[in-house]
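Asker: File structure.cif follows (mmCIF, C-alpha atoms and all ligand atoms):
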```
data_my_file
#
loop_
_atom_site.group_PDB
_atom_site.id
_atom_site.type_symbol
_atom_site.label_atom_id
_atom_site.label_comp_id
_atom_site.auth_asym_id
_atom_site.auth_seq_id
_atom_site.Cartn_x
_atom_site.Cartn_y
_atom_site.Cartn_z
ATOM 1 C CA MET A 1 28.802 19.996 -43.334
ATOM 2 C CA LYS A 2 29.843 16.974 -41.269
ATOM 3 C CA PHE A 3 27.168 14.277 -41.221
ATOM 4 C CA THR A 4 26.498 12.090 -38.204
ATOM 5 C CA LYS A 5 24.333 8.977 -37.675
ATOM 6 C CA PHE A 6 23.387 8.853 -33.996
ATOM 7 C CA ILE A 7 22.509 11.663 -31.588
ATOM 8 C CA PHE A 8 22.303 10.431 -27.989
ATOM 9 C CA SER A 9 24.424 12.996 -26.157
ATOM 10 C CA THR A 10 25.741 16.522 -26.503
ATOM 11 C CA LEU A 11 29.041 15.456 -24.929
ATOM 12 C CA ASN A 12 30.444 14.163 -28.197
ATOM 13 C CA LEU A 13 29.099 16.959 -30.428
ATOM 14 C CA SER A 14 31.686 19.562 -31.363
ATOM 15 C CA ARG A 15 31.022 23.282 -31.328
ATOM 16 C CA GLU A 16 31.506 23.253 -35.099
ATOM 17 C CA TYR A 17 28.830 20.584 -35.502
ATOM 18 C CA LEU A 18 26.387 22.461 -33.254
ATOM 19 C CA GLU A 19 27.033 25.691 -35.166
ATOM 20 C CA SER A 20 26.473 23.963 -38.509
ATOM 21 C CA ILE A 21 23.076 22.686 -37.290
ATOM 22 C CA PHE A 22 22.145 26.160 -35.970
ATOM 23 C CA SER A 23 23.182 27.763 -39.256
ATOM 24 C CA LEU A 24 21.015 25.323 -41.232
ATOM 25 C CA ALA A 25 18.114 25.730 -38.769
ATOM 26 C CA SER A 26 18.325 29.503 -39.226
ATOM 27 C CA LYS A 27 18.242 29.158 -43.022
ATOM 28 C CA ILE A 28 15.206 26.874 -42.722
ATOM 29 C CA GLU A 29 13.493 29.311 -40.362
ATOM 30 C CA GLN A 30 14.047 32.199 -42.785
ATOM 31 C CA ASN A 31 13.083 30.332 -45.968
ATOM 32 C CA PRO A 32 11.076 27.205 -45.118
ATOM 33 C CA GLU A 33 9.742 27.019 -48.696
ATOM 34 C CA ASN A 34 13.236 25.999 -49.879
ATOM 35 C CA TYR A 35 13.049 22.772 -47.843
ATOM 36 C CA LEU A 36 9.508 21.563 -48.606
ATOM 37 C CA ASN A 37 10.558 18.563 -50.693
ATOM 38 C CA LYS A 38 13.955 17.703 -49.245
ATOM 39 C CA CYS A 39 12.727 14.470 -47.642
ATOM 40 C CA ASN A 40 10.259 13.317 -50.277
ATOM 41 C CA GLY A 41 9.919 9.537 -50.038
ATOM 42 C CA LYS A 42 11.681 9.344 -46.640
ATOM 43 C CA ILE A 43 10.021 8.000 -43.492
ATOM 44 C CA LEU A 44 10.687 9.018 -39.887
ATOM 45 C CA ALA A 45 9.807 6.452 -37.202
ATOM 46 C CA ILE A 46 8.620 7.889 -33.892
ATOM 47 C CA LEU A 47 9.268 5.384 -31.081
ATOM 48 C CA PHE A 48 8.138 6.959 -27.832
ATOM 49 C CA PHE A 49 8.050 4.837 -24.675
ATOM 50 C CA GLU A 50 7.444 7.843 -22.377
ATOM 51 C CA PRO A 51 4.891 10.681 -22.643
ATOM 52 C CA SER A 52 5.661 13.694 -24.834
ATOM 53 C CA THR A 53 3.945 16.637 -26.457
ATOM 54 C CA ARG A 54 6.695 18.896 -27.841
ATOM 55 C CA THR A 55 9.432 16.475 -28.807
ATOM 56 C CA MET A 56 7.153 14.018 -30.534
ATOM 57 C CA LEU A 57 4.980 16.566 -32.323
ATOM 58 C CA SER A 58 7.861 18.843 -33.327
ATOM 59 C CA PHE A 59 9.733 15.875 -34.844
ATOM 60 C CA GLU A 60 6.546 14.947 -36.688
ATOM 61 C CA SER A 61 6.070 18.531 -37.818
ATOM 62 C CA ALA A 62 9.722 18.737 -38.879
ATOM 63 C CA MET A 63 9.516 15.636 -41.096
ATOM 64 C CA LEU A 64 6.155 16.644 -42.606
ATOM 65 C CA ARG A 65 7.508 20.137 -43.371
ATOM 66 C CA LEU A 66 10.415 18.481 -45.202
ATOM 67 C CA GLY A 67 7.993 16.515 -47.392
ATOM 68 C CA GLY A 68 8.606 13.189 -45.647
ATOM 69 C CA SER A 69 6.233 10.835 -43.859
ATOM 70 C CA ILE A 70 5.988 9.514 -40.317
ATOM 71 C CA LEU A 71 4.972 6.315 -38.556
ATOM 72 C CA GLY A 72 5.298 5.093 -35.009
ATOM 73 C CA PHE A 73 3.766 4.921 -31.570
ATOM 74 C CA ALA A 74 3.433 7.280 -28.632
ATOM 75 C CA SER A 75 3.457 4.728 -25.821
ATOM 76 C CA GLY A 76 5.262 1.473 -25.074
ATOM 77 C CA LYS A 77 1.885 0.134 -23.921
ATOM 78 C CA THR A 78 0.558 0.079 -27.491
ATOM 79 C CA SER A 79 3.689 -1.486 -29.040
ATOM 80 C CA SER A 80 4.912 -5.066 -28.744
ATOM 81 C CA SER A 81 7.309 -4.019 -25.985
ATOM 82 C CA ALA A 82 4.227 -4.619 -23.802
ATOM 83 C CA LYS A 83 4.559 -8.284 -24.855
ATOM 84 C CA GLY A 84 8.235 -8.354 -23.936
ATOM 85 C CA GLU A 85 9.920 -7.397 -27.222
ATOM 86 C CA THR A 86 13.386 -5.926 -26.673
ATOM 87 C CA ILE A 87 14.474 -2.486 -27.909
ATOM 88 C CA ALA A 88 17.111 -4.205 -30.038
ATOM 89 C CA ASP A 89 14.448 -6.225 -31.843
ATOM 90 C CA THR A 90 12.150 -3.196 -32.180
ATOM 91 C CA LEU A 91 14.985 -1.229 -33.782
ATOM 92 C CA ARG A 92 15.917 -4.094 -36.131
ATOM 93 C CA MET A 93 12.287 -4.175 -37.265
ATOM 94 C CA ILE A 94 12.090 -0.430 -37.737
ATOM 95 C CA ASN A 95 15.183 -0.565 -39.955
ATOM 96 C CA GLY A 96 12.966 -2.225 -42.553
ATOM 97 C CA TYR A 97 10.124 0.272 -42.157
ATOM 98 C CA ALA A 98 11.764 3.707 -41.967
ATOM 99 C CA ASP A 99 14.822 5.716 -43.015
ATOM 100 C CA ILE A 100 15.459 7.451 -39.681
ATOM 101 C CA ALA A 101 14.098 7.065 -36.136
ATOM 102 C CA VAL A 102 13.661 9.115 -33.000
ATOM 103 C CA ILE A 103 13.331 7.216 -29.734
ATOM 104 C CA ARG A 104 12.311 8.323 -26.242
ATOM 105 C CA HIS A 105 13.078 5.627 -23.700
ATOM 106 C CA TYR A 106 13.612 5.365 -19.957
ATOM 107 C CA LEU A 107 16.603 2.992 -20.394
ATOM 108 C CA GLU A 108 19.914 4.837 -20.119
ATOM 109 C CA GLY A 109 21.725 2.387 -22.409
ATOM 110 C CA VAL A 110 19.308 2.811 -25.301
ATOM 111 C CA GLY A 111 21.893 4.774 -27.318
ATOM 112 C CA GLU A 112 24.394 1.910 -27.174
ATOM 113 C CA ILE A 113 21.689 -0.537 -28.267
ATOM 114 C CA ALA A 114 20.764 1.733 -31.191
ATOM 115 C CA LYS A 115 24.396 2.026 -32.278
ATOM 116 C CA LYS A 116 24.782 -1.761 -32.151
ATOM 117 C CA TYR A 117 21.543 -2.808 -33.806
ATOM 118 C CA SER A 118 20.377 0.020 -36.082
ATOM 119 C CA SER A 119 21.586 0.531 -39.604
ATOM 120 C CA ILE A 120 19.449 3.673 -39.969
ATOM 121 C CA PRO A 121 20.176 6.956 -38.117
ATOM 122 C CA VAL A 122 18.614 7.224 -34.651
ATOM 123 C CA ILE A 123 18.090 10.330 -32.520
ATOM 124 C CA SER A 124 17.302 10.401 -28.800
ATOM 125 C CA GLY A 125 14.039 12.175 -28.064
ATOM 126 C CA GLY A 126 14.934 12.003 -24.368
ATOM 127 C CA THR A 127 16.751 9.203 -22.522
ATOM 128 C CA GLY A 128 15.732 8.479 -18.922
ATOM 129 C CA THR A 129 17.064 11.112 -16.551
ATOM 130 C CA GLN A 130 20.308 11.122 -18.521
ATOM 131 C CA ALA A 131 20.027 13.105 -21.744
ATOM 132 C CA HIS A 132 17.817 15.169 -24.026
ATOM 133 C CA PRO A 133 20.278 16.303 -26.680
ATOM 134 C CA THR A 134 17.851 17.804 -29.195
ATOM 135 C CA GLN A 135 16.209 19.839 -26.414
ATOM 136 C CA ALA A 136 19.646 21.206 -25.522
ATOM 137 C CA MET A 137 20.300 22.027 -29.163
ATOM 138 C CA LEU A 138 17.086 23.996 -29.505
ATOM 139 C CA ASP A 139 17.852 25.715 -26.183
ATOM 140 C CA LEU A 140 21.274 26.770 -27.487
ATOM 141 C CA TYR A 141 19.730 27.860 -30.793
ATOM 142 C CA THR A 142 17.215 30.027 -28.910
ATOM 143 C CA ILE A 143 19.985 31.641 -26.850
ATOM 144 C CA LYS A 144 22.115 32.269 -29.937
ATOM 145 C CA LYS A 145 19.124 33.770 -31.757
ATOM 146 C CA ALA A 146 18.462 36.179 -28.879
ATOM 147 C CA PHE A 147 22.054 37.333 -28.299
ATOM 148 C CA GLY A 148 23.840 36.546 -31.559
ATOM 149 C CA LYS A 149 26.330 34.563 -29.460
ATOM 150 C CA ILE A 150 26.650 32.208 -26.503
ATOM 151 C CA ASP A 151 30.236 33.027 -25.522
ATOM 152 C CA GLY A 152 30.536 35.241 -22.446
ATOM 153 C CA LEU A 153 26.909 34.936 -21.275
ATOM 154 C CA LYS A 154 25.752 34.535 -17.677
ATOM 155 C CA ILE A 155 23.205 31.736 -17.536
ATOM 156 C CA ALA A 156 21.283 30.287 -14.585
ATOM 157 C CA LEU A 157 19.658 26.852 -14.579
ATOM 158 C CA MET A 158 17.019 26.504 -11.881
ATOM 159 C CA GLY A 159 14.755 23.773 -10.512
ATOM 160 C CA ASP A 160 15.221 20.019 -10.687
ATOM 161 C CA LEU A 161 18.867 19.776 -11.699
ATOM 162 C CA LYS A 162 19.151 16.175 -10.504
ATOM 163 C CA TYR A 163 16.449 14.332 -12.437
ATOM 164 C CA GLY A 164 15.909 16.777 -15.320
ATOM 165 C CA ARG A 165 17.461 15.204 -18.425
ATOM 166 C CA THR A 166 17.635 18.521 -20.242
ATOM 167 C CA ILE A 167 20.106 19.768 -17.624
ATOM 168 C CA PRO A 168 23.213 17.629 -18.325
ATOM 169 C CA SER A 169 22.623 17.904 -22.071
ATOM 170 C CA LEU A 170 22.408 21.695 -21.896
ATOM 171 C CA LEU A 171 25.408 21.950 -19.541
ATOM 172 C CA TYR A 172 27.581 19.838 -21.853
ATOM 173 C CA GLY A 173 26.420 21.934 -24.808
ATOM 174 C CA LEU A 174 27.219 25.205 -23.035
ATOM 175 C CA ALA A 175 30.650 23.813 -22.168
ATOM 176 C CA LYS A 176 31.573 24.016 -25.868
ATOM 177 C CA TYR A 177 31.441 27.816 -25.654
ATOM 178 C CA ASP A 178 33.935 30.273 -24.184
ATOM 179 C CA ASP A 179 33.730 32.258 -20.958
ATOM 180 C CA VAL A 180 30.199 31.139 -20.011
ATOM 181 C CA THR A 181 29.308 31.699 -16.349
ATOM 182 C CA LEU A 182 26.745 29.274 -14.932
ATOM 183 C CA TYR A 183 24.635 29.515 -11.805
ATOM 184 C CA LEU A 184 22.975 26.260 -10.759
ATOM 185 C CA ILE A 185 20.012 27.022 -8.493
ATOM 186 C CA SER A 186 18.165 24.215 -6.720
ATOM 187 C CA PRO A 187 17.180 22.851 -3.343
ATOM 188 C CA LYS A 188 20.099 20.837 -1.971
ATOM 189 C CA GLU A 189 18.214 17.573 -2.663
ATOM 190 C CA LEU A 190 17.991 18.393 -6.378
ATOM 191 C CA LYS A 191 21.538 19.533 -7.132
ATOM 192 C CA ILE A 192 23.283 18.153 -10.208
ATOM 193 C CA ARG A 193 24.457 14.545 -9.849
ATOM 194 C CA SER A 194 28.083 13.961 -8.882
ATOM 195 C CA HIS A 195 29.137 12.518 -12.252
ATOM 196 C CA VAL A 196 27.742 15.637 -13.966
ATOM 197 C CA ARG A 197 29.641 17.879 -11.511
ATOM 198 C CA GLN A 198 32.829 15.920 -12.164
ATOM 199 C CA ARG A 199 32.450 16.451 -15.887
ATOM 200 C CA LEU A 200 31.758 20.172 -15.416
ATOM 201 C CA ASN A 201 34.941 20.476 -13.367
ATOM 202 C CA GLY A 202 36.832 19.241 -16.401
ATOM 203 C CA PHE A 203 35.406 21.930 -18.705
ATOM 204 C CA ASN A 204 36.472 25.499 -19.291
ATOM 205 C CA LEU A 205 33.535 27.182 -17.578
ATOM 206 C CA LYS A 206 32.796 28.795 -14.255
ATOM 207 C CA PHE A 207 29.848 27.380 -12.316
ATOM 208 C CA TYR A 208 28.393 28.237 -8.929
ATOM 209 C CA GLU A 209 25.819 26.139 -7.052
ATOM 210 C CA ILE A 210 23.469 28.405 -5.087
ATOM 211 C CA ASP A 211 19.949 28.188 -3.680
ATOM 212 C CA ASP A 212 18.609 31.743 -4.025
ATOM 213 C CA ILE A 213 18.007 33.448 -7.330
ATOM 214 C CA SER A 214 17.654 36.949 -5.856
ATOM 215 C CA GLN A 215 21.449 37.106 -5.363
ATOM 216 C CA ILE A 216 22.148 37.092 -9.106
ATOM 217 C CA ILE A 217 18.954 37.809 -11.060
ATOM 218 C CA ASP A 218 20.034 41.340 -12.069
ATOM 219 C CA GLU A 219 23.299 40.016 -13.610
ATOM 220 C CA LEU A 220 21.748 37.251 -15.704
ATOM 221 C CA ASP A 221 21.433 37.057 -19.470
ATOM 222 C CA VAL A 222 19.382 33.839 -19.385
ATOM 223 C CA LEU A 223 17.322 32.084 -16.725
ATOM 224 C CA TYR A 224 16.419 28.490 -17.647
ATOM 225 C CA VAL A 225 13.728 27.110 -15.360
ATOM 226 C CA THR A 226 12.829 23.425 -15.126
ATOM 227 C CA ARG A 227 9.887 21.577 -13.630
ATOM 228 C CA ILE A 228 10.221 19.590 -10.426
ATOM 229 C CA GLN A 229 9.340 16.215 -11.950
ATOM 230 C CA LYS A 230 6.815 14.230 -9.914
ATOM 231 C CA GLU A 231 7.317 11.115 -12.036
ATOM 232 C CA ARG A 232 11.068 10.886 -11.279
ATOM 233 C CA PHE A 233 10.968 10.950 -7.477
ATOM 234 C CA PRO A 234 11.506 7.559 -5.800
ATOM 235 C CA ASP A 235 9.708 8.948 -2.716
ATOM 236 C CA GLN A 236 6.554 10.989 -3.399
ATOM 237 C CA LEU A 237 6.815 12.604 0.053
ATOM 238 C CA ASP A 238 10.072 14.214 -1.117
ATOM 239 C CA TYR A 239 8.248 15.499 -4.202
ATOM 240 C CA GLU A 240 5.454 17.017 -2.083
ATOM 241 C CA ARG A 241 8.048 18.719 0.112
ATOM 242 C CA LEU A 242 10.087 20.145 -2.788
ATOM 243 C CA LYS A 243 7.530 20.750 -5.535
ATOM 244 C CA SER A 244 6.979 24.440 -4.772
ATOM 245 C CA SER A 245 10.605 25.324 -4.049
ATOM 246 C CA TYR A 246 10.678 28.037 -6.702
ATOM 247 C CA LYS A 247 8.102 30.169 -8.442
ATOM 248 C CA ILE A 248 8.932 32.816 -11.045
ATOM 249 C CA SER A 249 6.436 35.695 -11.073
ATOM 250 C CA PRO A 250 6.674 39.177 -12.637
ATOM 251 C CA GLU A 251 7.958 40.412 -9.260
ATOM 252 C CA THR A 252 10.900 37.971 -9.393
ATOM 253 C CA LEU A 253 11.917 39.599 -12.670
ATOM 254 C CA ASN A 254 11.646 43.251 -11.583
ATOM 255 C CA ASN A 255 15.354 43.989 -11.875
ATOM 256 C CA VAL A 256 16.423 41.955 -14.887
ATOM 257 C CA LYS A 257 18.535 43.401 -17.707
ATOM 258 C CA ASP A 258 16.691 44.706 -20.801
ATOM 259 C CA SER A 259 18.189 41.896 -22.882
ATOM 260 C CA PHE A 260 17.385 39.163 -20.337
ATOM 261 C CA ILE A 261 15.451 36.083 -21.545
ATOM 262 C CA LEU A 262 13.499 33.456 -19.604
ATOM 263 C CA LEU A 263 13.507 29.891 -20.965
ATOM 264 C CA HIS A 264 11.834 26.638 -19.929
ATOM 265 C CA PRO A 265 11.891 23.315 -21.818
ATOM 266 C CA LEU A 266 8.189 22.846 -20.891
ATOM 267 C CA PRO A 267 5.879 21.391 -19.739
ATOM 268 C CA ARG A 268 5.597 23.734 -16.774
ATOM 269 C CA VAL A 269 3.354 23.140 -13.812
ATOM 270 C CA ASP A 270 3.429 26.173 -11.534
ATOM 271 C CA GLU A 271 7.102 27.191 -11.492
ATOM 272 C CA ILE A 272 6.406 30.134 -13.835
ATOM 273 C CA THR A 273 3.140 31.971 -13.160
ATOM 274 C CA PRO A 274 0.893 32.652 -16.203
ATOM 275 C CA GLU A 275 1.298 36.422 -15.664
ATOM 276 C CA VAL A 276 4.921 36.092 -16.814
ATOM 277 C CA ASP A 277 3.865 34.784 -20.248
ATOM 278 C CA SER A 278 3.103 38.240 -21.645
ATOM 279 C CA LEU A 279 6.451 39.770 -20.586
ATOM 280 C CA PRO A 280 8.886 40.388 -23.479
ATOM 281 C CA CYS A 281 11.529 38.249 -21.757
ATOM 282 C CA ALA A 282 9.293 35.137 -21.764
ATOM 283 C CA LYS A 283 10.684 33.137 -24.670
ATOM 284 C CA TYR A 284 9.606 29.588 -23.792
ATOM 285 C CA PHE A 285 6.901 29.209 -26.424
ATOM 286 C CA GLU A 286 9.218 30.607 -29.101
ATOM 287 C CA GLN A 287 11.844 28.177 -27.756
ATOM 288 C CA ALA A 288 9.433 25.258 -28.339
ATOM 289 C CA LYS A 289 8.736 26.516 -31.869
ATOM 290 C CA ASN A 290 12.471 26.718 -32.573
ATOM 291 C CA GLY A 291 12.537 22.982 -31.941
ATOM 292 C CA VAL A 292 10.904 22.401 -35.316
ATOM 293 C CA PHE A 293 13.687 24.219 -37.227
ATOM 294 C CA VAL A 294 16.477 22.554 -35.249
ATOM 295 C CA ARG A 295 14.901 19.115 -35.717
ATOM 296 C CA MET A 296 14.418 19.759 -39.450
ATOM 297 C CA ALA A 297 18.137 20.572 -39.656
ATOM 298 C CA LEU A 298 19.017 17.411 -37.725
ATOM 299 C CA ILE A 299 16.843 15.170 -39.903
ATOM 300 C CA LEU A 300 18.506 16.602 -43.021
ATOM 301 C CA ASN A 301 21.943 16.119 -41.493
ATOM 302 C CA LEU A 302 21.381 12.541 -40.356
ATOM 303 C CA LEU A 303 19.849 11.583 -43.694
ATOM 304 C CA GLY A 304 22.802 13.174 -45.478
ATOM 305 C CA VAL A 305 20.554 15.560 -47.443
ATOM 306 C CA GLU A 306 22.381 18.702 -48.603
HETATM 307 N N1 LIG B 1 10.576 19.594 -23.613
HETATM 308 C C1 LIG B 1 10.090 18.338 -23.778
HETATM 309 O O1 LIG B 1 10.815 17.350 -23.908
HETATM 310 O O2 LIG B 1 8.732 18.278 -23.795
HETATM 311 P P1 LIG B 1 7.891 16.947 -24.040
HETATM 312 O O3 LIG B 1 8.147 16.039 -22.864
HETATM 313 O O4 LIG B 1 6.454 17.399 -24.143
HETATM 314 O O5 LIG B 1 8.399 16.324 -25.311
#
```
Kindly return the structure encoded in the file as structure tokens.
Answerer:
Amino acid sequence: MKFTKFIFSTLNLSREYLESIFSLASKIEQNPENYLNKCNGKILAILFFEPSTRTMLSFESAMLRLGGSILGFASGKTSSSAKGETIADTLRMINGYADIAVIRHYLEGVGEIAKKYSSIPVISGGTGTQAHPTQAMLDLYTIKKAFGKIDGLKIALMGDLKYGRTIPSLLYGLAKYDDVTLYLISPKELKIRSHVRQRLNGFNLKFYEIDDISQIIDELDVLYVTRIQKERFPDQLDYERLKSSYKISPETLNNVKDSFILLHPLPRVDEITPEVDSLPCAKYFEQAKNGVFVRMALILNLLGVE
């Protein structure tokens, strides 16, 4: 297995690397008892400058399930960044306190700072509106688990494709696979950003930007819904106008294929109605649980533990 030290993007992760993480995650999922002591004596630092439930707690769960320990903070307001300490200095400090770190930060250049100033491995737990690589990895793992493959699937991404950081990370991850057809469904104001579109044009995948899911719902293998993110809109009037653009209800899913799955990185607000949760295609809570296995595999990989 190839070991890596920093995870801040899916752009630079090869298909082989992704597959090796998924293979290890699957082994962990099947036999978690074999991994209970793999990180004995190791410490994971959790450095979260933006709110989180899943990413923070699943990283914590992952390290604890590997026998390691955790330390950290869940808000920049309770760390010395509130007194003006730089990320570079925070990371230098953490190098003396922990063996590996996960950082969620609004600053898009945080990955470059980590690479320059950290001697321990660092993973992005979400970077601004730019990237959420471990979310994309657990999304891909969930798709692979459901279909046994990713090649050849028809996948729609719907919602806030402009500000949602999971979107570029998932798109760049899907681009590593063959013959994937993508439908990008959003209001025109929330289409993917131009630099993301430019990158997609350079990849070997077909993508179509549309605004109505009913045109393609019966062809889809996967529908990946995202929240319209109130906190990312520069103008709250735009948010109010766009927030209810899409709503997935059982009726929306009347004609889906038997093998179809519905994903969402969560949290959701009202873009998927609660009545959908009990449908067999609703995989978003399983998807969140898969995050623990994928993050366990990543911690092992970045710490160089066989
Ligand atoms: N999917 C995700 O990143 O959720 P949190 O913001 O709760 O971590």
Asker: What is the distance, in Å and to one decimal place, between atom CA of A:Asp212 and atom CA of A:Leu138?
Answerer: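 Atom-to-atom, atom CA of A:Asp212 and atom CA of A:Leu138 are spaced 26.7 Å apart.
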Asker: Could you list, as a list in words, every residue matched by the PyMOL selection byres (((chain A and resi 233) around 12) and not hetatm) in this structure?
Answerer: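 After applying the PyMOL selection byres (((chain A and resi 233) around 12) and not hetatm), what remains is Thr129, Asp160, Lys162, Tyr163, Gly164, Glu189, Leu190, Ile228, Gln229, Lys230, Glu231, Arg232, Pro234, Asp235, Gln236, Leu237, Asp238, Tyr239, Glu240, Arg241, Leu242 and Lys243 of chain A.
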Asker: Which distance in Å separates atom CA of A:Ala74 and atom CA of A:Pro121, to one decimal?
Answerer: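 Value for the atom CA of A:Ala74-atom CA of A:Pro121 distance: 19.2 Å.
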Asker: May I have the residues within 12 Å of A:Asp277 as number ranges by chain, using all atoms listed in the file and disregarding those fewer than 4 positions away in the same chain?
Answerer: A: 248-250, 261-264, 268, 272-273, 281-286
Asker: Counting only C-alpha atoms and all ligand atoms, what are the residues, protein, DNA or RNA alike, that approach ligand LIG 1 (chain B) to within 7 Å? I want them as a PyMOL selection string.
Answerer: chain A and resi 51-56+126+135+265-267
Asker: Neighbourhood query: residues within 12 Å of (8.4, 19.5, -33.2), file coordinates, counting all atoms listed in the file; return as JSON, numbers by chain.
Answerer: {"A": [46, 52, 53, 54, 55, 56, 57, 58, 59, 60, 61, 62, 63, 64, 65, 102, 125, 134, 135, 138, 285, 286, 287, 288, 289, 290, 291, 292, 293, 294, 295, 296, 297, 298, 299]}
Asker: For A:Ser259, which of A:Leu174, A:Leu153, A:Leu205, A:Met93 is the closest residue, counting only C-alpha atoms?
Answerer: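 Using only C-alpha atoms, A:Ser259 sits closest to A:Leu153.
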Asker: Measure the distance from atom CA of A:Leu302 to atom CA of A:Ala98 in Å and round it to one decimal.
Answerer: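 Computing it gives 13.2 Å between the two atoms.
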Asker: Using only C-alpha atoms, collect all residues at a distance of at most 9 Å from (20.6, 12.1, -19.6) as written in the file, then present them as a JSON list (two decimals) with C-alpha atoms, in the coordinates of the input.
Answerer:
```
[["chain", "number", "residue", "atom", "x", "y", "z"],
["A", 8, "PHE", "CA", 22.30, 10.43, -27.99],
["A", 9, "SER", "CA", 24.42, 13.00, -26.16],
["A", 108, "GLU", "CA", 19.91, 4.84, -20.12],
["A", 126, "GLY", "CA", 14.93, 12.00, -24.37],
["A", 127, "THR", "CA", 16.75, 9.20, -22.52],
["A", 128, "GLY", "CA", 15.73, 8.48, -18.92],
["A", 129, "THR", "CA", 17.06, 11.11, -16.55],
["A", 130, "GLN", "CA", 20.31, 11.12, -18.52],
["A", 131, "ALA", "CA", 20.03, 13.10, -21.74],
["A", 132, "HIS", "CA", 17.82, 15.17, -24.03],
["A", 133, "PRO", "CA", 20.28, 16.30, -26.68],
["A", 163, "TYR", "CA", 16.45, 14.33, -12.44],
["A", 164, "GLY", "CA", 15.91, 16.78, -15.32],
["A", 165, "ARG", "CA", 17.46, 15.20, -18.42],
["A", 166, "THR", "CA", 17.64, 18.52, -20.24],
["A", 167, "ILE", "CA", 20.11, 19.77, -17.62],
["A", 168, "PRO", "CA", 23.21, 17.63, -18.32],
["A", 169, "SER", "CA", 22.62, 17.90, -22.07]]
```
Asker: Do you know which residues the PyMOL selection byres (((chain A and resi 103) around 7) and not hetatm) returns on this file, as a PyMOL selection string?
Answerer: chain A and resi 46-48+101-102+104-105+123-125
Asker: If you take every atom of stretch 128-141 of chain A that the file lists and fit an axis-aligned box around them with 4 Å extra on each side, what centre and edge lengths come out in Å to one decimal, as AutoDock Vina command-line options?
Answerer:
```
--center_x 18.5 --center_y 18.2 --center_z -23.7 --size_x 13.5 --size_y 27.4 --size_z 22.2
```
Asker: Measuring between only C-alpha atoms, which one of A:Gly111, A:Gly202, A:Gly41, A:Gly304 shows the shortest distance to A:Met1?
Answerer: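 Under the stated criterion, the closest residue is A:Gly304.
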Asker: Would you list the contacts of A:Arg199 as an MDAnalysis selection string, taking every protein, DNA or RNA residue within 12 Å and counting all atoms listed in the file, but skipping same-chain residues closer than 6 positions in sequence?
Answerer: chainID A and resid 11 168:169 171:172 175 192:193 205 207
Asker: Could you pull stretch 166-195 of chain A out of the structure I just pasted and write it to a file containing C-alpha atoms, as a PDB file, in the first residue's frame?
Answerer:
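Contents of decode-v3.pdb, freshly written:
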```pdb
ATOM      1  CA  THR A 166     -18.232  18.067  -1.119  1.00  0.00           C
ATOM      2  CA  ILE A 167     -19.115  18.667  -4.777  1.00  0.00           C
ATOM      3  CA  PRO A 168     -15.691  19.382  -6.354  1.00  0.00           C
ATOM      4  CA  SER A 169     -14.078  16.699  -4.196  1.00  0.00           C
ATOM      5  CA  LEU A 170     -16.633  14.101  -5.279  1.00  0.00           C
ATOM      6  CA  LEU A 171     -16.464  15.179  -8.943  1.00  0.00           C
ATOM      7  CA  TYR A 172     -12.665  14.884  -9.001  1.00  0.00           C
ATOM      8  CA  GLY A 173     -12.933  11.487  -7.307  1.00  0.00           C
ATOM      9  CA  LEU A 174     -15.509  10.238  -9.815  1.00  0.00           C
ATOM     10  CA  ALA A 175     -13.250  11.444 -12.627  1.00  0.00           C
ATOM     11  CA  LYS A 176     -10.786   8.672 -11.720  1.00  0.00           C
ATOM     12  CA  TYR A 177     -13.322   6.085 -12.892  1.00  0.00           C
ATOM     13  CA  ASP A 178     -14.292   5.024 -16.406  1.00  0.00           C
ATOM     14  CA  ASP A 179     -17.445   5.809 -18.363  1.00  0.00           C
ATOM     15  CA  VAL A 180     -19.231   7.665 -15.539  1.00  0.00           C
ATOM     16  CA  THR A 181     -22.128   9.857 -16.691  1.00  0.00           C
ATOM     17  CA  LEU A 182     -22.840  12.868 -14.482  1.00  0.00           C
ATOM     18  CA  TYR A 183     -25.910  15.064 -14.276  1.00  0.00           C
ATOM     19  CA  LEU A 184     -25.404  18.320 -12.382  1.00  0.00           C
ATOM     20  CA  ILE A 185     -28.780  19.650 -11.228  1.00  0.00           C
ATOM     21  CA  SER A 186     -29.063  23.099  -9.659  1.00  0.00           C
ATOM     22  CA  PRO A 187     -30.665  26.497 -10.002  1.00  0.00           C
ATOM     23  CA  LYS A 188     -28.589  28.555 -12.434  1.00  0.00           C
ATOM     24  CA  GLU A 189     -27.224  30.660  -9.536  1.00  0.00           C
ATOM     25  CA  LEU A 190     -25.761  27.562  -7.867  1.00  0.00           C
ATOM     26  CA  LYS A 191     -24.087  25.819 -10.802  1.00  0.00           C
ATOM     27  CA  ILE A 192     -20.545  24.524 -10.376  1.00  0.00           C
ATOM     28  CA  ARG A 193     -17.876  27.244 -10.395  1.00  0.00           C
ATOM     29  CA  SER A 194     -16.065  27.912 -13.666  1.00  0.00           C
ATOM     30  CA  HIS A 195     -12.698  26.540 -12.510  1.00  0.00           C
TER      31      HIS A 195
END
```
